[in-house]
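The block underneath contains the structure these notes are about, expressed in structure tokens.
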Amino acid sequence: MRKLVYYVAVTLDGRIAGPGGEFDFFPLGDERRAAEYSSWTNTLYPETVPTAYRAAVGLTDVPNRNFDTVLMGLGSYRPGLDEGYASPYAHLRQYVVSSTLKADEADPAVTVVPGDPLGLVRALKAEEGGELDIWLCGGGRLAGALLSEIDELVIKSYPVIAGAGVPLVDGDFDPTLFDVASRTAFENGVTLTRFTRR
């Protein structure tokens with residue numbers, strides 16, 4: 001069965017974005033360190049690079065390695081939409097879970113799901129022939145609603161404290177155990193850890 005994988009950047013205080021959805025404050029380090037880190041993550045997770053930027057980083061014809069589907073909340077979808085990228089991950093099947101986004105606001109390639117994210121994820125997991133997994137791109141409320149279905153976490157932990165903002169998981173109190181499957185530390189201070197559900 002396909003897995004739901006929450007692949008996301010997070011601050012030391014557990015924020016995936018600032019209070020206004022800001023994400024440009026995550027430190028990448030100097031040019032060399034930033035390039036080394038980006039090259040490593042782009043090689044391992046090429047499908048997580050938005051379509052508009054794939055050519056610039058040499059990923060134009062690179063096949064998806066891990067995911068064939070992306071799932072996001074409106075907070076994750078809106079920044080790209082506001083910048084004119086209505087289909088941010090055209091190389092993936094795209095779903096936006098939102099009760100306020102109208103289908104005609106999104107690109108025809110994006111499926112707007114007004115409710116029941118659990119039902120959606122369970123249906124996606126059960127699909128026949130799905131060899132690649134489902135990427136939960138964000139945000140925190142959606143992750144909270146889907147906590148029972150998250151099979152893996154891939155956390156890019158950055159050496160910065162936001163102080164406020166969107167939490168990694170925003171839901172009910174539900175202690176859920178994960179095991180560390182792998183961990184890689186980079187010179188720019190970022191640590192990438194893959195956790196599997198216990």
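Scheme for the structure tokens: letters A, B, ... for chains in order shown; per-chain residue numbers from 1; ligand numbers from 1 in order shown.
Those residues that approach range 40-53 of chain A to within 9 Å, counting only C-alpha atoms, are Tyr7, Ala35, Glu36, Tyr37, Ser38, Ala55, Ala56, Val57, Gly58, Leu59, Thr60, Val62, Pro63, Asn64, Arg65, Asn66, Phe67, Asp68, Val70, Tyr85, Ser87, Pro88, Tyr89, Ala90, His91, Leu92, Trp135 and Cys137 of chain A; same-chain residues fewer than 2 positions away are not listed.
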- Query: Do you know which residues are at most 6 Å from range 160-162 of chain A counting only C-alpha atoms, after dropping those on the same chain fewer than 5 positions away, and could you put them as a list in words?
  - Reply: Thr11, Leu12 and Asp13 of chain A
Using only N, CA and C atoms, please write the residues we just selected to a file, as an mmCIF file, in the first residue's frame.
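Written file, result20.cif:
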```cif
data_model
loop_
_atom_site.group_PDB
_atom_site.id
_atom_site.type_symbol
_atom_site.label_atom_id
_atom_site.label_comp_id
_atom_site.auth_asym_id
_atom_site.auth_seq_id
_atom_site.Cartn_x
_atom_site.Cartn_y
_atom_site.Cartn_z
ATOM 1 N N THR A 11 11.320 24.838 11.809
ATOM 2 C CA THR A 11 12.236 25.591 12.660
ATOM 3 C C THR A 11 12.510 24.821 13.944
ATOM 4 N N LEU A 12 13.447 25.311 14.740
ATOM 5 C CA LEU A 12 13.757 24.659 16.010
ATOM 6 C C LEU A 12 12.573 24.676 16.972
ATOM 7 N N ASP A 13 11.678 25.651 16.816
ATOM 8 C CA ASP A 13 10.502 25.700 17.684
ATOM 9 C C ASP A 13 9.253 25.124 16.996
#
```
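For the pair CA of Val180 in chain A and CA of Val154 in chain A, the interatomic distance is 9.9 Å.
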Contacts of Ala9 in chain A at 10 Å or less, counting only C-alpha atoms, minus same-chain residues fewer than 4 places along, as a compact mmCIF listing (two decimals) with C-alpha atoms, in the first residue's frame?
```txt
# COMPACT_ATOMS: atom_id res chain seq x y z
CA GLY A 14 8.37 23.51 15.41
CA ARG A 15 7.09 26.07 12.87
CA ILE A 16 6.74 25.36 9.16
CA ALA A 17 5.95 28.98 8.29
CA PHE A 23 8.88 30.79 4.60
CA PHE A 26 14.82 29.57 6.67
CA CYS A 137 3.35 19.17 1.53
CA GLY A 138 1.60 21.02 4.36
CA VAL A 154 10.93 13.65 6.44
CA ILE A 155 11.85 16.66 8.53
CA LYS A 156 14.33 19.28 7.37
CA SER A 157 15.21 20.98 10.66
CA TYR A 158 16.70 24.46 10.24
CA LEU A 168 4.31 21.38 12.21
CA VAL A 190 20.26 21.78 8.51
CA THR A 191 19.50 18.25 9.68
CA LEU A 192 17.32 15.99 7.54
```
One residue among A:Arg78, A:Tyr6, A:Ser98, A:Gly129 is nearest to Phe195 in chain A when using only C-alpha atoms, and that residue is A:Tyr6
request  = Extract, using only C-alpha atoms, all DNA, RNA and protein residues at most 9 Å from Met1 in chain A, discarding same-chain residues fewer than 6 positions from it, and format them as a PyMOL selection string.
outcome  = chain A and resi 125-128+130-131+133
Grab the residues selected above and save them as an mmCIF file, in the first residue's frame with C-alpha atoms.
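Saved file result.cif follows:
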```cif
data_model
loop_
_atom_site.group_PDB
_atom_site.id
_atom_site.type_symbol
_atom_site.label_atom_id
_atom_site.label_comp_id
_atom_site.auth_asym_id
_atom_site.auth_seq_id
_atom_site.Cartn_x
_atom_site.Cartn_y
_atom_site.Cartn_z
ATOM 1 C CA LYS A 125 -3.448 4.813 -0.517
ATOM 2 C CA ALA A 126 -5.728 2.018 -1.721
ATOM 3 C CA GLU A 127 -5.306 2.790 -5.433
ATOM 4 C CA GLU A 128 -4.184 -0.123 -7.551
ATOM 5 C CA GLY A 130 0.447 3.038 -7.264
ATOM 6 C CA GLU A 131 4.184 2.442 -6.940
ATOM 7 C CA ASP A 133 3.922 7.507 -2.395
#
```
request  = DSSP on the backbone, then: every residue of chain A marked helix (DSSP H, G or I), written as a PyMOL selection string.
outcome  = chain A and resi 31-44+46-48+51-54+74-82+103-105+117-125+140-145+147-149
Give the strand (DSSP E or B) residues of range 14-166 of chain A, as assigned by DSSP on the backbone, as number ranges by chain.
A: 15-17, 67-73, 93-97, 110-113, 133-138, 152-157, 166
Write to file, as a tab-separated table (two decimals), in the first residue's frame, the residues of the selection just made, with N, CA, C and O atoms.
```tsv
chain	number	residue	atom	x	y	z
A	15	ARG	N	7.92	25.30	13.80
A	15	ARG	CA	7.09	26.07	12.87
A	15	ARG	C	7.48	25.75	11.43
A	15	ARG	O	8.66	25.65	11.11
A	16	ILE	N	6.48	25.61	10.58
A	16	ILE	CA	6.74	25.36	9.16
A	16	ILE	C	6.59	26.63	8.33
A	16	ILE	O	6.95	26.65	7.15
A	17	ALA	N	6.08	27.68	8.94
A	17	ALA	CA	5.95	28.98	8.29
A	17	ALA	C	5.70	30.02	9.38
A	17	ALA	O	5.36	29.68	10.52
A	67	PHE	N	7.41	10.25	-5.02
A	67	PHE	CA	6.00	10.64	-4.98
A	67	PHE	C	5.44	10.82	-6.39
A	67	PHE	O	6.13	11.29	-7.29
A	68	ASP	N	4.15	10.47	-6.54
A	68	ASP	CA	3.45	10.80	-7.78
A	68	ASP	C	2.24	11.69	-7.51
A	68	ASP	O	1.54	12.10	-8.41
A	69	THR	N	2.01	11.99	-6.22
A	69	THR	CA	0.85	12.77	-5.79
A	69	THR	C	1.28	13.73	-4.70
A	69	THR	O	2.07	13.36	-3.83
A	70	VAL	N	0.75	14.95	-4.74
A	70	VAL	CA	0.99	15.92	-3.67
A	70	VAL	C	-0.34	16.36	-3.09
A	70	VAL	O	-1.32	16.56	-3.81
A	71	LEU	N	-0.35	16.49	-1.78
A	71	LEU	CA	-1.53	16.91	-1.03
A	71	LEU	C	-1.15	18.11	-0.19
A	71	LEU	O	-0.14	18.07	0.52
A	72	MET	N	-1.94	19.19	-0.28
A	72	MET	CA	-1.61	20.40	0.47
A	72	MET	C	-2.87	21.11	0.93
A	72	MET	O	-3.94	20.95	0.34
A	73	GLY	N	-2.70	21.89	1.99
A	73	GLY	CA	-3.76	22.76	2.44
A	73	GLY	C	-3.70	24.08	1.68
A	73	GLY	O	-2.76	24.34	0.93
A	93	ARG	N	0.22	14.54	-9.47
A	93	ARG	CA	-1.21	14.76	-9.27
A	93	ARG	C	-1.34	15.66	-8.05
A	93	ARG	O	-0.73	15.40	-7.01
A	94	GLN	N	-2.14	16.72	-8.17
A	94	GLN	CA	-2.20	17.74	-7.12
A	94	GLN	C	-3.59	17.82	-6.51
A	94	GLN	O	-4.58	17.93	-7.24
A	95	TYR	N	-3.63	17.80	-5.17
A	95	TYR	CA	-4.87	17.94	-4.43
A	95	TYR	C	-4.69	19.05	-3.41
A	95	TYR	O	-3.68	19.10	-2.70
A	96	VAL	N	-5.67	19.94	-3.33
A	96	VAL	CA	-5.70	21.00	-2.32
A	96	VAL	C	-6.94	20.78	-1.47
A	96	VAL	O	-8.06	20.77	-1.99
A	97	VAL	N	-6.73	20.59	-0.16
A	97	VAL	CA	-7.85	20.42	0.76
A	97	VAL	C	-8.21	21.80	1.30
A	97	VAL	O	-7.41	22.44	1.98
A	110	VAL	N	-5.41	20.86	-10.83
A	110	VAL	CA	-5.44	20.77	-9.37
A	110	VAL	C	-6.85	20.39	-8.94
A	110	VAL	O	-7.82	21.05	-9.29
A	111	THR	N	-6.95	19.34	-8.15
A	111	THR	CA	-8.25	18.91	-7.63
A	111	THR	C	-8.47	19.55	-6.26
A	111	THR	O	-7.66	19.37	-5.35
A	112	VAL	N	-9.53	20.34	-6.14
A	112	VAL	CA	-9.88	20.97	-4.87
A	112	VAL	C	-10.82	20.03	-4.12
A	112	VAL	O	-11.85	19.61	-4.65
A	113	VAL	N	-10.44	19.72	-2.87
A	113	VAL	CA	-11.21	18.80	-2.04
A	113	VAL	C	-11.76	19.61	-0.87
A	113	VAL	O	-11.00	20.07	-0.02
A	133	ASP	N	4.69	7.09	-3.56
A	133	ASP	CA	3.92	7.51	-2.39
A	133	ASP	C	3.25	8.86	-2.59
A	133	ASP	O	3.35	9.49	-3.64
A	134	ILE	N	2.55	9.29	-1.54
A	134	ILE	CA	1.81	10.55	-1.51
A	134	ILE	C	2.57	11.52	-0.64
A	134	ILE	O	2.90	11.21	0.51
A	135	TRP	N	2.85	12.70	-1.17
A	135	TRP	CA	3.58	13.72	-0.43
A	135	TRP	C	2.60	14.68	0.23
A	135	TRP	O	1.84	15.35	-0.45
A	136	LEU	N	2.65	14.72	1.55
A	136	LEU	CA	1.93	15.74	2.29
A	136	LEU	C	2.85	16.94	2.39
A	136	LEU	O	3.85	16.92	3.09
A	137	CYS	N	2.51	17.98	1.66
A	137	CYS	CA	3.35	19.17	1.53
A	137	CYS	C	3.11	20.15	2.67
A	137	CYS	O	3.98	20.95	2.99
A	138	GLY	N	1.97	20.11	3.29
A	138	GLY	CA	1.60	21.02	4.36
A	138	GLY	C	0.15	21.39	4.20
A	138	GLY	O	-0.48	21.00	3.21
A	152	GLU	N	5.25	8.25	7.31
A	152	GLU	CA	6.63	8.70	7.46
A	152	GLU	C	6.67	10.22	7.57
A	152	GLU	O	5.81	10.91	7.02
A	153	LEU	N	7.69	10.70	8.26
A	153	LEU	CA	8.00	12.12	8.32
A	153	LEU	C	9.40	12.29	7.74
A	153	LEU	O	10.31	11.52	8.09
A	154	VAL	N	9.59	13.26	6.88
A	154	VAL	CA	10.93	13.65	6.44
A	154	VAL	C	11.04	15.11	6.83
A	154	VAL	O	10.44	15.99	6.21
A	155	ILE	N	11.78	15.34	7.91
A	155	ILE	CA	11.85	16.66	8.53
A	155	ILE	C	13.20	17.31	8.23
A	155	ILE	O	14.25	16.77	8.58
A	156	LYS	N	13.13	18.47	7.59
A	156	LYS	CA	14.33	19.28	7.37
A	156	LYS	C	14.34	20.33	8.49
A	156	LYS	O	13.59	21.29	8.44
A	157	SER	N	15.17	20.10	9.49
A	157	SER	CA	15.21	20.98	10.66
A	157	SER	C	16.27	22.06	10.46
A	157	SER	O	17.45	21.76	10.29
A	166	VAL	N	2.99	28.91	11.89
A	166	VAL	CA	2.23	27.69	11.62
A	166	VAL	C	2.97	26.50	12.23
A	166	VAL	O	4.13	26.26	11.88
```
Report task. Tell me which of A:Pro175, A:Ala86, A:Leu118, A:Ala123 sits closest to Ala106 in chain A, counting only C-alpha atoms. Result ->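 Of all the options, A:Ala86 lies closest to Ala106 in chain A.
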Can you tell me, as a list of chain:residue names, what residues are no more than 9 Å from Arg198 in chain A when counting only C-alpha atoms, ignoring any on the same chain fewer than 4 positions away? A:Asp151, A:Thr176, A:Leu177, A:Phe178, A:Asp179
Convert the current residue selection to file output with N, CA, C and O atoms, as a PDB file, in the first residue's frame.
```
ATOM      1  N   ASP A 151       2.509   7.970   7.516  1.00  0.00           N
ATOM      2  CA  ASP A 151       3.360   6.791   7.671  1.00  0.00           C
ATOM      3  C   ASP A 151       4.820   7.155   7.905  1.00  0.00           C
ATOM      4  O   ASP A 151       5.543   6.429   8.579  1.00  0.00           O
ATOM      5  N   THR A 176       1.889  10.225  19.160  1.00  0.00           N
ATOM      6  CA  THR A 176       2.095   9.251  18.088  1.00  0.00           C
ATOM      7  C   THR A 176       3.588   9.009  17.958  1.00  0.00           C
ATOM      8  O   THR A 176       4.350   9.955  17.737  1.00  0.00           O
ATOM      9  N   LEU A 177       4.018   7.763  18.099  1.00  0.00           N
ATOM     10  CA  LEU A 177       5.435   7.442  18.114  1.00  0.00           C
ATOM     11  C   LEU A 177       5.978   7.165  16.715  1.00  0.00           C
ATOM     12  O   LEU A 177       5.332   6.490  15.905  1.00  0.00           O
ATOM     13  N   PHE A 178       7.171   7.677  16.472  1.00  0.00           N
ATOM     14  CA  PHE A 178       7.903   7.424  15.237  1.00  0.00           C
ATOM     15  C   PHE A 178       9.324   7.026  15.608  1.00  0.00           C
ATOM     16  O   PHE A 178       9.842   7.440  16.642  1.00  0.00           O
ATOM     17  N   ASP A 179       9.957   6.226  14.753  1.00  0.00           N
ATOM     18  CA  ASP A 179      11.349   5.832  14.939  1.00  0.00           C
ATOM     19  C   ASP A 179      12.220   6.553  13.922  1.00  0.00           C
ATOM     20  O   ASP A 179      11.785   6.794  12.782  1.00  0.00           O
TER      21      ASP A 179
END
```
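Going from CA of Glu105 in chain A over to CA of Glu83 in chain A, you cover 13.2 Å.
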Check your understanding: Skipping near chain neighbours, those fewer than 3 positions away, what residues fall within 9 Å of Ala181 in chain A using only C-alpha atoms, listed as a ChimeraX atom specification?
Key -> /A:193-196
For the residues in that selection, give me C-alpha atoms as a CSV table (one decimal), in the first residue's frame.
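Resulting contents of again18.csv:
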```csv
chain,number,residue,atom,x,y,z
A,193,THR,CA,15.7,13.2,9.5
A,194,ARG,CA,13.4,10.5,8.1
A,195,PHE,CA,11.0,9.0,10.7
A,196,THR,CA,8.8,5.9,10.3
```
Between CA of Leu146 in chain A and CA of Asp172 in chain A - distance in Å to one decimal: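 Separating CA of Asp172 in chain A from CA of Leu146 in chain A is a distance of 10.9 Å.
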